[in-house]
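model_26.cif (mmCIF, C-alpha atoms)
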data_work
loop_
_atom_site.label_atom_id
_atom_site.label_comp_id
_atom_site.auth_asym_id
_atom_site.auth_seq_id
_atom_site.Cartn_x
_atom_site.Cartn_y
_atom_site.Cartn_z
CA MET Y 25 0.00 0.00 0.00
CA ALA Y 26 2.95 2.31 0.61
CA ASP Y 27 3.76 2.17 -3.09
CA PHE Y 28 0.23 3.18 -4.12
CA PRO Y 29 0.90 6.97 -4.27
CA VAL Y 30 3.98 6.34 -6.41
CA LEU Y 31 2.04 4.06 -8.75
CA ALA Y 32 -0.82 6.54 -8.91
CA ALA Y 33 1.57 9.37 -9.78
CA PHE Y 34 3.27 7.25 -12.44
CA GLY Y 35 -0.11 6.32 -13.91
CA ALA Y 36 -1.16 9.97 -13.98
CA VAL Y 37 2.03 10.97 -15.80
CA CYS Y 38 1.55 8.19 -18.35
CA ALA Y 39 -2.08 9.22 -18.89
CA ALA Y 40 -1.03 12.84 -19.41
CA TRP Y 41 1.54 11.83 -22.03
CA VAL Y 42 -1.02 9.66 -23.82
CA CYS Y 43 -3.35 12.65 -23.97
CA VAL Y 44 -0.59 14.85 -25.37
CA ILE Y 45 0.21 12.28 -28.06
CA ALA Y 46 -3.50 11.85 -28.85
CA ILE Y 47 -3.71 15.58 -29.50
CA ALA Y 48 -0.48 15.85 -31.49
CA LYS Y 49 -0.54 12.44 -33.27
CA PRO Y 50 -4.13 11.17 -33.08
CA ARG Y 51 -3.68 8.60 -35.84
CA LEU Y 52 -0.77 6.98 -34.01
CA VAL Y 53 -2.90 6.55 -30.88
CA LEU Y 54 -5.69 5.12 -33.04
CA TYR Y 55 -3.35 2.48 -34.48
CA LEU Y 56 -2.21 1.60 -30.97
CA LEU Y 57 -5.82 1.35 -29.81
CA PHE Y 58 -6.60 -1.04 -32.67
CA ALA Y 59 -3.59 -3.18 -31.72
CA ILE Y 60 -4.49 -3.48 -28.02
CA VAL Y 61 -8.28 -3.44 -28.35
CA PRO Y 62 -8.70 -6.82 -26.56
CA THR Y 63 -7.28 -5.25 -23.38
CA GLN Y 64 -10.68 -3.58 -22.97
CA PHE Y 65 -11.54 -6.50 -20.73
CA LEU Y 66 -8.45 -6.23 -18.50
CA PHE Y 67 -9.99 -4.01 -15.85
CA VAL Y 68 -8.23 -2.11 -13.05
CA PRO Y 69 -10.43 -0.66 -10.27
CA VAL Y 70 -10.16 3.13 -10.03
CA SER Y 71 -12.34 4.99 -7.52
CA GLY Y 72 -15.40 2.79 -7.89
CA PHE Y 73 -15.00 2.37 -11.67
CA PHE Y 74 -13.11 -0.21 -13.68
CA VAL Y 75 -10.66 1.13 -16.28
CA SER Y 76 -8.66 -0.82 -18.85
CA PRO Y 77 -5.61 0.10 -20.99
CA ALA Y 78 -7.92 0.42 -23.99
CA ASP Y 79 -10.15 2.79 -22.01
CA LEU Y 80 -7.20 5.12 -21.46
CA LEU Y 81 -6.53 5.35 -25.21
CA VAL Y 82 -10.21 5.87 -25.98
CA LEU Y 83 -10.50 8.70 -23.44
CA ALA Y 84 -7.35 10.33 -24.82
CA SER Y 85 -8.71 10.01 -28.36
CA ILE Y 86 -11.98 11.62 -27.30
CA LEU Y 87 -10.05 14.52 -25.77
CA GLY Y 88 -8.21 15.06 -29.04
CA LEU Y 89 -11.47 14.79 -30.99
CA MET Y 90 -13.13 17.43 -28.80
CA ILE Y 91 -10.25 19.82 -29.36
CA ARG Y 92 -10.47 19.33 -33.13
CA LEU Y 93 -14.23 19.85 -33.01
CA ALA Y 94 -13.75 23.07 -31.04
CA ALA Y 95 -11.29 24.22 -33.73
CA GLY Y 96 -13.88 23.49 -36.43
CA ARG Y 97 -11.81 20.84 -38.21
CA GLY Y 98 -13.82 19.51 -41.17
CA PRO Y 99 -12.95 15.79 -40.88
CA ALA Y 100 -13.88 15.75 -37.18
CA CYS Y 101 -17.18 17.51 -37.78
CA ARG Y 102 -18.09 15.19 -40.65
CA ALA Y 103 -17.21 12.09 -38.61
CA VAL Y 104 -19.42 13.21 -35.72
CA HIS Y 105 -22.23 14.10 -38.12
CA GLU Y 106 -22.13 10.69 -39.80
CA HIS Y 107 -22.80 9.13 -36.39
CA ARG Y 108 -25.71 11.46 -35.66
CA PHE Y 109 -28.29 8.67 -35.52
CA LEU Y 110 -26.30 6.97 -32.78
CA TRP Y 111 -26.16 10.18 -30.74
CA LEU Y 112 -29.92 10.50 -31.14
CA MET Y 113 -30.26 6.86 -30.08
CA LEU Y 114 -28.38 7.67 -26.87
CA GLY Y 115 -30.76 10.60 -26.39
CA ALA Y 116 -33.66 8.17 -26.66
CA TYR Y 117 -32.10 6.06 -23.91
CA VAL Y 118 -31.77 9.13 -21.67
CA ALA Y 119 -35.37 10.11 -22.39
CA GLY Y 120 -36.38 6.58 -21.46
CA PHE Y 121 -34.58 6.96 -18.13
CA ALA Y 122 -36.59 10.11 -17.43
CA VAL Y 123 -39.92 8.54 -18.39
CA LEU Y 124 -39.33 5.22 -16.61
CA GLY Y 125 -37.66 6.70 -13.54
CA LEU Y 126 -34.60 4.50 -14.04
CA PHE Y 127 -30.88 5.07 -14.43
CA SER Y 128 -27.83 3.01 -15.33
CA ARG Y 129 -24.36 4.54 -15.31
CA THR Y 130 -23.21 1.69 -17.58
CA LEU Y 131 -24.76 3.63 -20.47
CA VAL Y 132 -21.68 5.88 -20.45
CA ARG Y 133 -19.69 3.02 -21.96
CA VAL Y 134 -21.78 3.06 -25.14
CA PRO Y 135 -20.68 6.56 -26.33
CA LEU Y 136 -17.12 5.65 -25.34
CA ALA Y 137 -17.31 2.66 -27.69
CA ILE Y 138 -19.01 4.64 -30.47
CA ALA Y 139 -16.21 7.22 -30.22
CA VAL Y 140 -13.80 4.55 -31.51
CA SER Y 141 -15.80 4.46 -34.75
CA VAL Y 142 -15.93 8.27 -34.92
CA VAL Y 143 -12.16 8.70 -34.54
CA ALA Y 144 -11.49 5.90 -37.03
CA ARG Y 145 -13.77 7.56 -39.58
CA GLU Y 146 -12.03 10.89 -38.99
CA GLN Y 147 -8.41 9.74 -39.08
CA LEU Y 148 -8.37 7.02 -41.77
CA ARG Y 149 -8.37 9.15 -44.93
CA THR Y 150 -6.10 7.31 -47.36
CA ARG Y 151 -5.55 3.74 -48.45
CA ASN Y 152 -2.27 3.69 -46.61
CA HIS Y 153 -4.08 4.68 -43.41
CA LEU Y 154 -6.57 1.87 -43.97
CA ARG Y 155 -3.79 -0.65 -44.55
CA ARG Y 156 -2.05 0.30 -41.31
CA ALA Y 157 -5.25 0.24 -39.29
CA ALA Y 158 -6.19 -3.19 -40.66
CA SER Y 159 -2.71 -4.50 -39.89
CA ALA Y 160 -3.00 -3.15 -36.35
CA PHE Y 161 -6.26 -5.05 -35.92
CA VAL Y 162 -4.59 -8.24 -37.12
CA LEU Y 163 -1.98 -7.60 -34.44
CA ALA Y 164 -4.82 -7.35 -31.91
CA GLY Y 165 -5.92 -10.83 -32.90
CA VAL Y 166 -2.36 -12.09 -32.40
CA VAL Y 167 -2.19 -10.40 -28.97
CA ASP Y 168 -5.48 -11.95 -27.86
CA ALA Y 169 -4.46 -15.37 -29.17
CA ALA Y 170 -1.02 -15.16 -27.50
CA TYR Y 171 -2.68 -14.30 -24.19
CA GLY Y 172 -4.85 -17.41 -24.35
CA LEU Y 173 -1.99 -19.63 -25.53
CA TYR Y 174 0.15 -18.45 -22.62
CA TYR Y 175 -2.37 -19.81 -20.14
CA VAL Y 176 -2.76 -23.02 -22.13
CA ALA Y 177 1.03 -23.50 -22.02
CA ARG Y 178 0.96 -22.96 -18.26
CA GLY Y 179 -1.56 -25.74 -17.94
CA THR Y 180 -4.25 -23.35 -16.67
CA PRO Y 181 -6.44 -22.56 -19.72
CA LEU Y 182 -8.91 -19.74 -19.24
CA HIS Y 183 -11.79 -22.03 -20.22
CA PRO Y 184 -11.91 -25.75 -19.46
CA THR Y 185 -13.11 -26.94 -22.89
CA ARG Y 186 -12.80 -23.97 -25.29
CA PHE Y 187 -10.04 -21.57 -26.29
CA GLN Y 188 -10.32 -18.15 -24.65
CA GLY Y 189 -8.24 -14.99 -24.71
CA MET Y 190 -8.62 -11.76 -22.79
CA GLU Y 191 -12.33 -11.72 -23.52
CA THR Y 192 -15.07 -14.31 -23.11
CA VAL Y 193 -15.03 -17.11 -25.66
CA ASN Y 194 -17.59 -15.55 -28.01
CA TYR Y 195 -15.87 -12.16 -28.07
CA THR Y 196 -12.49 -13.86 -28.46
CA GLY Y 197 -13.91 -15.81 -31.38
CA MET Y 198 -15.25 -12.63 -32.98
CA LEU Y 199 -12.01 -10.69 -32.61
CA ILE Y 200 -9.62 -13.44 -33.71
CA MET Y 201 -11.85 -14.53 -36.61
CA THR Y 202 -12.06 -10.91 -37.75
CA ALA Y 203 -8.28 -10.59 -37.56
CA ALA Y 204 -7.93 -13.80 -39.58
CA ALA Y 205 -10.38 -12.54 -42.23
CA ILE Y 206 -8.54 -9.22 -42.50
CA GLY Y 207 -5.21 -11.00 -42.82
CA LEU Y 208 -6.60 -13.25 -45.54
CA ALA Y 209 -8.08 -10.29 -47.41
CA GLN Y 210 -4.72 -8.52 -47.33
CA LEU Y 211 -3.07 -11.64 -48.79
CA ALA Y 212 -5.88 -12.49 -51.20
CA TRP Y 213 -3.70 -12.12 -54.28
CA VAL Y 214 -0.46 -13.50 -52.82
CA ARG Y 215 1.40 -16.04 -54.98
CA ARG Y 216 3.33 -17.67 -52.14
CA PRO Y 217 0.88 -20.06 -50.44
CA TRP Y 218 2.93 -20.34 -47.25
CA ARG Y 219 2.05 -16.72 -46.45
CA LEU Y 220 -1.54 -17.82 -45.87
CA ALA Y 221 -0.41 -19.82 -42.85
CA GLY Y 222 -0.66 -16.79 -40.56
CA PRO Y 223 -4.36 -16.07 -41.19
CA GLY Y 224 -4.95 -19.82 -41.19
CA ALA Y 225 -3.45 -20.20 -37.71
CA LEU Y 226 -5.61 -17.34 -36.41
CA ALA Y 227 -8.70 -18.89 -37.97
CA ALA Y 228 -7.87 -22.23 -36.33
CA LEU Y 229 -7.60 -20.56 -32.91
CA ALA Y 230 -10.87 -18.74 -33.53
CA ALA Y 231 -12.45 -22.10 -34.39
CA ALA Y 232 -11.02 -23.50 -31.15
CA THR Y 233 -13.28 -21.13 -29.23
CA LEU Y 234 -16.15 -23.31 -30.56
CA SER Y 235 -18.16 -20.13 -30.98
CA GLN Y 236 -21.08 -20.93 -33.23
CA MET Y 237 -21.60 -17.28 -34.12
CA GLY Y 238 -17.94 -17.12 -35.19
CA PHE Y 239 -18.48 -19.87 -37.76
CA VAL Y 240 -21.63 -18.24 -39.13
CA ALA Y 241 -19.92 -14.84 -39.25
CA ALA Y 242 -16.92 -16.27 -41.09
CA ILE Y 243 -19.22 -17.68 -43.75
CA GLY Y 244 -20.85 -14.26 -44.08
CA ALA Y 245 -17.47 -12.57 -44.53
CA TRP Y 246 -16.54 -15.12 -47.19
CA LEU Y 247 -19.75 -14.64 -49.15
CA ALA Y 248 -19.75 -10.84 -48.88
CA VAL Y 249 -16.07 -10.08 -49.56
CA LEU Y 250 -13.50 -12.86 -49.58
CA ARG Y 251 -14.96 -14.95 -52.39
CA ARG Y 252 -14.75 -11.88 -54.62
CA VAL Y 253 -11.12 -11.03 -53.89
CA VAL Y 254 -9.30 -14.31 -53.19
CA THR Y 255 -7.66 -15.81 -56.26
CA ARG Y 256 -8.84 -19.17 -57.60
CA THR Y 257 -5.59 -20.89 -56.64
CA ASN Y 258 -5.79 -19.62 -53.08
CA LYS Y 259 -9.44 -20.66 -52.87
CA VAL Y 260 -8.41 -24.22 -53.65
CA LEU Y 261 -5.67 -24.11 -51.02
CA ILE Y 262 -8.06 -22.71 -48.42
CA ALA Y 263 -10.68 -25.35 -49.22
CA ALA Y 264 -8.08 -28.11 -48.92
CA ALA Y 265 -6.90 -26.75 -45.56
CA ILE Y 266 -10.49 -26.62 -44.24
CA VAL Y 267 -11.21 -30.18 -45.35
CA ALA Y 268 -7.97 -31.44 -43.76
CA THR Y 269 -8.82 -29.64 -40.53
CA LEU Y 270 -12.33 -31.11 -40.44
CA VAL Y 271 -11.01 -34.63 -41.07
CA ALA Y 272 -8.46 -34.22 -38.28
CA ALA Y 273 -11.16 -32.90 -35.92
CA VAL Y 274 -13.37 -35.90 -36.63
CA ALA Y 275 -10.50 -38.34 -36.26
CA VAL Y 276 -9.25 -37.03 -32.91
CA THR Y 277 -11.69 -38.23 -30.25
CA PRO Y 278 -11.21 -35.42 -27.65
CA ILE Y 279 -11.73 -32.72 -30.29
CA ARG Y 280 -14.74 -34.51 -31.75
CA ASN Y 281 -16.33 -34.84 -28.31
CA ARG Y 282 -15.81 -31.17 -27.50
CA VAL Y 283 -17.36 -30.09 -30.80
CA LEU Y 284 -20.35 -32.38 -30.31
CA GLY Y 285 -20.66 -31.11 -26.75
CA ARG Y 286 -21.40 -27.62 -28.08
CA PHE Y 287 -24.69 -28.96 -29.44
CA ALA Y 288 -25.60 -30.86 -26.28
CA ASN Y 289 -27.89 -29.66 -23.53
CA ASP Y 290 -26.84 -27.79 -20.39
CA VAL Y 291 -24.13 -25.81 -22.22
CA GLU Y 292 -25.55 -22.56 -20.89
CA GLY Y 293 -25.82 -23.72 -17.30
CA VAL Y 294 -29.56 -24.34 -17.52
CA ASP Y 295 -30.66 -27.93 -17.03
CA SER Y 296 -31.82 -29.72 -20.18
CA ARG Y 297 -31.48 -26.63 -22.36
CA SER Y 298 -29.01 -26.01 -25.16
CA SER Y 299 -27.60 -22.70 -26.30
CA ALA Y 300 -30.23 -22.53 -29.05
CA ASP Y 301 -32.98 -23.20 -26.49
CA ILE Y 302 -31.78 -20.35 -24.29
CA ARG Y 303 -31.64 -17.94 -27.23
CA TRP Y 304 -35.19 -18.87 -28.23
CA ILE Y 305 -36.41 -18.28 -24.68
CA LEU Y 306 -34.61 -14.92 -24.60
CA LEU Y 307 -36.33 -13.90 -27.85
CA GLN Y 308 -39.70 -14.74 -26.34
CA LEU Y 309 -38.89 -12.78 -23.19
CA SER Y 310 -37.65 -9.90 -25.38
CA TRP Y 311 -40.99 -9.74 -27.16
CA ASP Y 312 -42.81 -9.71 -23.83
CA ALA Y 313 -40.60 -6.90 -22.57
CA PHE Y 314 -41.06 -4.88 -25.76
CA SER Y 315 -44.83 -5.34 -25.59
CA GLU Y 316 -44.86 -3.86 -22.09
CA SER Y 317 -42.95 -0.70 -23.10
CA PRO Y 318 -42.69 -0.37 -26.91
CA VAL Y 319 -41.79 3.34 -27.13
CA PHE Y 320 -39.03 3.86 -24.54
CA GLY Y 321 -38.14 0.24 -23.76
CA ILE Y 322 -37.43 -1.12 -20.29
CA GLY Y 323 -34.25 0.91 -19.76
CA TYR Y 324 -30.63 0.35 -20.72
CA PHE Y 325 -29.03 -2.69 -19.07
CA GLY Y 326 -32.44 -3.75 -17.81
CA PHE Y 327 -33.07 -6.97 -19.73
CA ALA Y 328 -30.82 -9.20 -17.62
CA GLU Y 329 -33.01 -8.52 -14.61
CA TYR Y 330 -36.13 -8.97 -16.73
CA SER Y 331 -34.92 -12.41 -17.94
CA ASN Y 332 -35.13 -13.64 -14.36
CA ARG Y 333 -38.86 -14.00 -14.92
CA ASP Y 334 -37.93 -17.39 -16.29
CA PRO Y 335 -37.47 -19.42 -13.09
CA GLU Y 336 -34.75 -21.69 -14.47
CA ILE Y 337 -32.75 -18.70 -15.72
CA ARG Y 338 -33.05 -17.06 -12.32
CA ARG Y 339 -31.98 -20.23 -10.55
CA SER Y 340 -29.09 -21.19 -12.85
CA THR Y 341 -27.60 -17.67 -12.99
CA ALA Y 342 -28.12 -16.95 -9.28
CA GLY Y 343 -30.29 -14.00 -10.21
CA ALA Y 344 -27.80 -12.42 -12.63
CA GLY Y 345 -29.96 -13.22 -15.66
CA TYR Y 346 -28.96 -13.16 -19.32
CA PRO Y 347 -28.56 -10.32 -21.80
CA THR Y 348 -30.49 -10.51 -25.06
CA HIS Y 349 -27.63 -12.17 -27.02
CA ASN Y 350 -28.60 -9.92 -29.95
CA SER Y 351 -27.59 -6.26 -30.22
CA PHE Y 352 -30.54 -5.26 -32.40
CA VAL Y 353 -33.00 -6.91 -30.01
CA GLU Y 354 -31.12 -5.27 -27.14
CA VAL Y 355 -31.70 -1.80 -28.57
CA LEU Y 356 -35.34 -2.58 -29.39
CA VAL Y 357 -36.15 -3.96 -25.94
CA GLU Y 358 -34.09 -1.66 -23.73
CA GLY Y 359 -34.30 1.53 -25.81
CA GLY Y 360 -37.68 1.08 -27.46
CA ALA Y 361 -38.87 1.59 -31.01
CA ILE Y 362 -37.43 5.09 -31.33
CA ALA Y 363 -33.91 4.01 -30.39
CA PHE Y 364 -34.18 0.95 -32.65
CA VAL Y 365 -35.16 2.97 -35.73
CA LEU Y 366 -32.27 5.38 -35.13
CA PHE Y 367 -29.87 2.46 -34.69
CA VAL Y 368 -30.96 0.89 -37.97
CA LEU Y 369 -30.72 4.23 -39.81
CA HIS Y 370 -27.04 4.43 -38.93
CA TRP Y 371 -26.35 1.15 -40.72
CA CYS Y 372 -28.32 2.15 -43.82
CA GLN Y 373 -25.40 4.31 -44.99
CA PHE Y 374 -23.23 1.16 -45.01
CA ALA Y 375 -25.76 -0.89 -46.97
CA ARG Y 376 -25.92 1.72 -49.71
CA LEU Y 377 -22.16 2.02 -50.24
CA PHE Y 378 -20.77 -1.38 -49.30
CA PRO Y 379 -21.43 -3.39 -52.53
CA ARG Y 380 -19.78 -0.76 -54.72
CA ALA Y 381 -16.72 -0.62 -52.49
CA VAL Y 382 -16.32 -4.41 -52.57
CA ARG Y 383 -16.55 -4.41 -56.36
CA GLN Y 384 -13.88 -1.72 -56.53
CA ALA Y 385 -11.60 -3.64 -54.17
CA ALA Y 386 -11.94 -6.75 -56.35
CA ARG Y 387 -11.53 -4.85 -59.61
CA GLN Y 388 -8.45 -2.95 -58.45
CA ARG Y 389 -7.05 -5.95 -56.53
CA ASP Y 390 -6.40 -3.61 -53.63
CA PRO Y 391 -5.56 -5.31 -50.29
CA ALA Y 392 -6.05 -2.04 -48.39
CA LEU Y 393 -9.70 -1.80 -49.41
CA ALA Y 394 -10.34 -5.52 -49.02
CA GLY Y 395 -8.78 -5.61 -45.55
CA ALA Y 396 -10.79 -2.59 -44.38
CA LEU Y 397 -14.10 -3.99 -45.65
CA VAL Y 398 -14.00 -7.70 -44.84
CA GLY Y 399 -14.47 -7.34 -41.10
CA PHE Y 400 -17.72 -5.41 -41.37
CA PRO Y 401 -20.09 -8.22 -42.44
CA LEU Y 402 -18.39 -10.50 -39.93
CA VAL Y 403 -18.96 -8.27 -36.89
CA MET Y 404 -22.46 -7.34 -38.02
CA ILE Y 405 -23.43 -11.01 -38.07
CA CYS Y 406 -21.88 -11.36 -34.62
CA ALA Y 407 -24.08 -8.46 -33.52
CA LEU Y 408 -27.07 -10.71 -34.25
CA PHE Y 409 -25.78 -13.27 -31.74
CA ALA Y 410 -24.08 -11.17 -29.06
CA ASN Y 411 -24.31 -7.83 -27.29
CA VAL Y 412 -21.63 -5.63 -28.83
CA LEU Y 413 -22.71 -2.05 -28.12
CA MET Y 414 -19.91 -1.59 -25.57
CA VAL Y 415 -17.26 -3.63 -27.42
CA TYR Y 416 -14.43 -1.51 -28.85
CA SER Y 417 -13.38 -4.12 -31.41
CA PHE Y 418 -16.85 -4.04 -32.97
CA TRP Y 419 -16.84 -0.26 -33.38
CA ALA Y 420 -13.21 -0.22 -34.54
CA VAL Y 421 -14.09 -2.50 -37.45
CA CYS Y 422 -17.23 -0.50 -38.25
CA GLY Y 423 -15.36 2.81 -38.16
CA MET Y 424 -12.63 1.47 -40.40
CA ALA Y 425 -15.23 0.19 -42.87
CA LEU Y 426 -17.07 3.52 -42.86
CA ALA Y 427 -13.82 5.39 -43.53
CA CYS Y 428 -13.15 3.02 -46.44
CA LEU Y 429 -16.65 3.50 -47.87
CA ARG Y 430 -16.35 7.27 -47.76
CA LEU Y 431 -12.91 7.15 -49.37
CA VAL Y 432 -14.21 4.98 -52.21
CA GLN Y 433 -17.21 7.29 -52.62
CA TYR Y 434 -14.91 10.30 -52.81
CA GLU Y 435 -12.65 8.62 -55.37
CA GLN Y 436 -15.61 7.61 -57.52
CA ARG Y 437 -16.95 11.15 -57.52
CA LEU Y 438 -13.55 12.48 -58.58
CA ALA Y 439 -13.38 9.92 -61.38
CA ALA Y 440 -16.90 10.85 -62.52
CA GLY Y 441 -15.84 14.46 -63.03
CA PRO Y 442 -17.60 17.75 -62.32
CA GLU Y 443 -20.87 16.75 -64.03
CA GLN Y 444 -21.42 13.86 -61.62
CA SER Y 445 -20.43 16.04 -58.66
CA LEU Y 446 -23.04 18.60 -59.73
CA SER Y 447 -25.64 15.84 -60.09
CA ASP Y 448 -24.86 14.56 -56.60
CA ALA Y 449 -25.19 18.06 -55.18
CA ARG Y 450 -28.64 18.39 -56.72
#
What would the structure in this file look like if it were written as structure tokens?
Amino acid sequence: MADFPVLAAFGAVCAAWVCVIAIAKPRLVLYLLFAIVPTQFLFVPVSGFFVSPADLLVLASILGLMIRLAAGRGPACRAVHEHRFLWLMLGAYVAGFAVLGLFSRTLVRVPLAIAVSVVAREQLRTRNHLRRAASAFVLAGVVDAAYGLYYVARGTPLHPTRFQGMETVNYTGMLIMTAAAIGLAQLAWVRRPWRLAGPGALAALAAATLSQMGFVAAIGAWLAVLRRVVTRTNKVLIAAAIVATLVAAVAVTPIRNRVLGRFANDVEGVDSRSSADIRWILLQLSWDAFSESPVFGIGYFGFAEYSNRDPEIRRSTAGAGYPTHNSFVEVLVEGGAIAFVLFVLHWCQFARLFPRAVRQAARQRDPALAGALVGFPLVMICALFANVLMVYSFWAVCGMALACLRLVQYEQRLAAGPEQSLSDAR
């Protein structure tokens, strides 16, 4: 305890320097944030709150963003404006608090997470920026995987039957699978097959989490982006590697049993219920909750308590309950119809621009564009199976994709010439 003042002073000095760098070199701090994004879940208690290394970088980035907004910097203003529906969604949550007479300080973590997307959209302005940011995210996957492997090597794995990194197994699966997809997209046109081993190893570790949403999300990323950019030769190599891995998994009894166990009952801690059963029950409870308060919802962070209406959930979780396991349902139930519509409107700008950007990445054989885009469909599918509103890695990928979409849009308008620019203005 005698060393606490010294440690506190050292931490304050480090935080001050991070803030200075975030103001002077905001893009450098953003790259670092991308690289250590899994440390969001390594919490240190500070005066009643829990703060992580990633939180420190996010707070410093927000400080720099506020200064640039105060100075009227165009990129910062545009980035904040393009997230306007999310700010209005947060306003709907606050209005719900006032109407329902509730409050949850955890809501503050949602704008912190959204700020990661805002700063990414502001700072990633060229293809070289996108390439570096994507590479930093791949490094984040390596960091998370190395953390889990360290505990496996010690003989004390973080999960008894599934691979886990700094985060829970599902979030570890999402992050590492996204890093693998980005790495593969960056090497889509490579002519040296051995270079695909890196993304392959990450994908194997992501598969070792046995996260079902990770598998579904990987298929979505393949269909949306990777199948369009990976060369035919590399597709054959990838298919052969997948088949060999599946054969090995079936042949090795312990692995086969663990995989089959993911489809057995009692995997969620509730007697005689599988993961799919629990999700179906949560959807039914979500509809009941929405029916009770369709306009303002039941209040942010309120569904876990509401899920205790199911007696087995209350008993098996010791009253902790379950979240919705779906981010869109989470917003609908806890924020109400107004918040849900605003949330969906934010993603409409992606849907309009994404197909054109993927076609351009494939046509130009550009790894920077492909790497920046491939993670978006993957994390959006994960959002249908997990609660990601507070997860920095989710918003980092979305912000990087939005920056890429706007860059492609800008380049296409320049290529179209002044007549097209005038037409767009009209």
Which residues come within 9 Å of stretch 167-173 of chain Y, counting only C-alpha atoms, excluding same-chain residues fewer than 6 positions away, as a PDB file with C-alpha atoms, keeping the file's coordinate frame?
ATOM      1  CA  ALA Y  59      -3.590  -3.180 -31.720  1.00  0.00           C
ATOM      2  CA  ILE Y  60      -4.490  -3.480 -28.020  1.00  0.00           C
ATOM      3  CA  VAL Y  61      -8.280  -3.440 -28.350  1.00  0.00           C
ATOM      4  CA  PRO Y  62      -8.700  -6.820 -26.560  1.00  0.00           C
ATOM      5  CA  THR Y  63      -7.280  -5.250 -23.380  1.00  0.00           C
ATOM      6  CA  PRO Y 181      -6.440 -22.560 -19.720  1.00  0.00           C
ATOM      7  CA  LEU Y 182      -8.910 -19.740 -19.240  1.00  0.00           C
ATOM      8  CA  PHE Y 187     -10.040 -21.570 -26.290  1.00  0.00           C
ATOM      9  CA  GLN Y 188     -10.320 -18.150 -24.650  1.00  0.00           C
ATOM     10  CA  GLY Y 189      -8.240 -14.990 -24.710  1.00  0.00           C
ATOM     11  CA  MET Y 190      -8.620 -11.760 -22.790  1.00  0.00           C
ATOM     12  CA  GLU Y 191     -12.330 -11.720 -23.520  1.00  0.00           C
ATOM     13  CA  THR Y 196     -12.490 -13.860 -28.460  1.00  0.00           C
ATOM     14  CA  LEU Y 199     -12.010 -10.690 -32.610  1.00  0.00           C
ATOM     15  CA  ILE Y 200      -9.620 -13.440 -33.710  1.00  0.00           C
ATOM     16  CA  LEU Y 226      -5.610 -17.340 -36.410  1.00  0.00           C
ATOM     17  CA  LEU Y 229      -7.600 -20.560 -32.910  1.00  0.00           C
ATOM     18  CA  ALA Y 230     -10.870 -18.740 -33.530  1.00  0.00           C
TER      19      ALA Y 230
END
Explicit residues for the PyMOL selection byres ((chain Y and resi 77) around 12) (as a PyMOL selection string): chain Y and resi 35+38-39+42+56-69+74-76+78-84+416
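Straight-line separation from atom CA of Y:Leu250 to atom CA of Y:Ala264: 16.2 Å.
Residues in contact with Y:Glu316 at 12 Å, where all atoms listed in the file are counted and same-chain residues fewer than 6 positions away are skipped, are listed as Leu124, Leu309, Ser310, Ile322, Gly323, Tyr330, Val357, Glu358 and Gly360 of chain Y.
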Using only C-alpha atoms: which of Y:Lys49, Y:Ala40, Y:Arg129, Y:Val249 has the shortest distance to Y:Arg383: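 Once distances to Y:Arg383 are computed over only C-alpha atoms, the minimum belongs to Y:Val249.
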Contacts of Y:Phe127 within 12 Å, all atoms listed in the file, excl. fewer than 5 positions in-chain, as a VMD selection string: chain Y and resid 117 to 122 132 322 to 326 358
Picked residues, the PyMOL selection byres ((chain Y and resi 376-382) around 8), as a PyMOL selection string: chain Y and resi 249+252+372-375+383-386+393-394+397+428-429+432-433
Nearest candidate to Y:Arg108 (options Y:Gly165, Y:Pro50, Y:Pro135, Y:Gly359; using all atoms listed in the file): Y:Pro135
Write stretch 367-374 of chain Y as a PDB file, keeping the file's coordinate frame, completed to N, CA and C atoms.
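Now in rebuild_27.pdb:
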ATOM      1  N   PHE Y 367     -30.995   3.390 -34.573  1.00  0.00           N
ATOM      2  CA  PHE Y 367     -29.870   2.460 -34.690  1.00  0.00           C
ATOM      3  C   PHE Y 367     -29.796   1.868 -36.087  1.00  0.00           C
ATOM      4  N   VAL Y 368     -30.932   1.475 -36.627  1.00  0.00           N
ATOM      5  CA  VAL Y 368     -30.960   0.890 -37.970  1.00  0.00           C
ATOM      6  C   VAL Y 368     -30.590   1.933 -39.022  1.00  0.00           C
ATOM      7  N   LEU Y 369     -31.038   3.183 -38.842  1.00  0.00           N
ATOM      8  CA  LEU Y 369     -30.720   4.230 -39.810  1.00  0.00           C
ATOM      9  C   LEU Y 369     -29.218   4.445 -39.937  1.00  0.00           C
ATOM     10  N   HIS Y 370     -28.493   4.264 -38.837  1.00  0.00           N
ATOM     11  CA  HIS Y 370     -27.040   4.430 -38.930  1.00  0.00           C
ATOM     12  C   HIS Y 370     -26.430   3.420 -39.892  1.00  0.00           C
ATOM     13  N   TRP Y 371     -26.930   2.194 -39.879  1.00  0.00           N
ATOM     14  CA  TRP Y 371     -26.350   1.150 -40.720  1.00  0.00           C
ATOM     15  C   TRP Y 371     -26.805   1.240 -42.172  1.00  0.00           C
ATOM     16  N   CYS Y 372     -27.844   2.026 -42.434  1.00  0.00           N
ATOM     17  CA  CYS Y 372     -28.320   2.150 -43.820  1.00  0.00           C
ATOM     18  C   CYS Y 372     -27.261   2.775 -44.721  1.00  0.00           C
ATOM     19  N   GLN Y 373     -26.439   3.693 -44.174  1.00  0.00           N
ATOM     20  CA  GLN Y 373     -25.400   4.310 -44.990  1.00  0.00           C
ATOM     21  C   GLN Y 373     -24.348   3.286 -45.417  1.00  0.00           C
ATOM     22  N   PHE Y 374     -24.139   2.234 -44.622  1.00  0.00           N
ATOM     23  CA  PHE Y 374     -23.230   1.160 -45.010  1.00  0.00           C
ATOM     24  C   PHE Y 374     -23.840   0.329 -46.135  1.00  0.00           C
TER      25      PHE Y 374
END
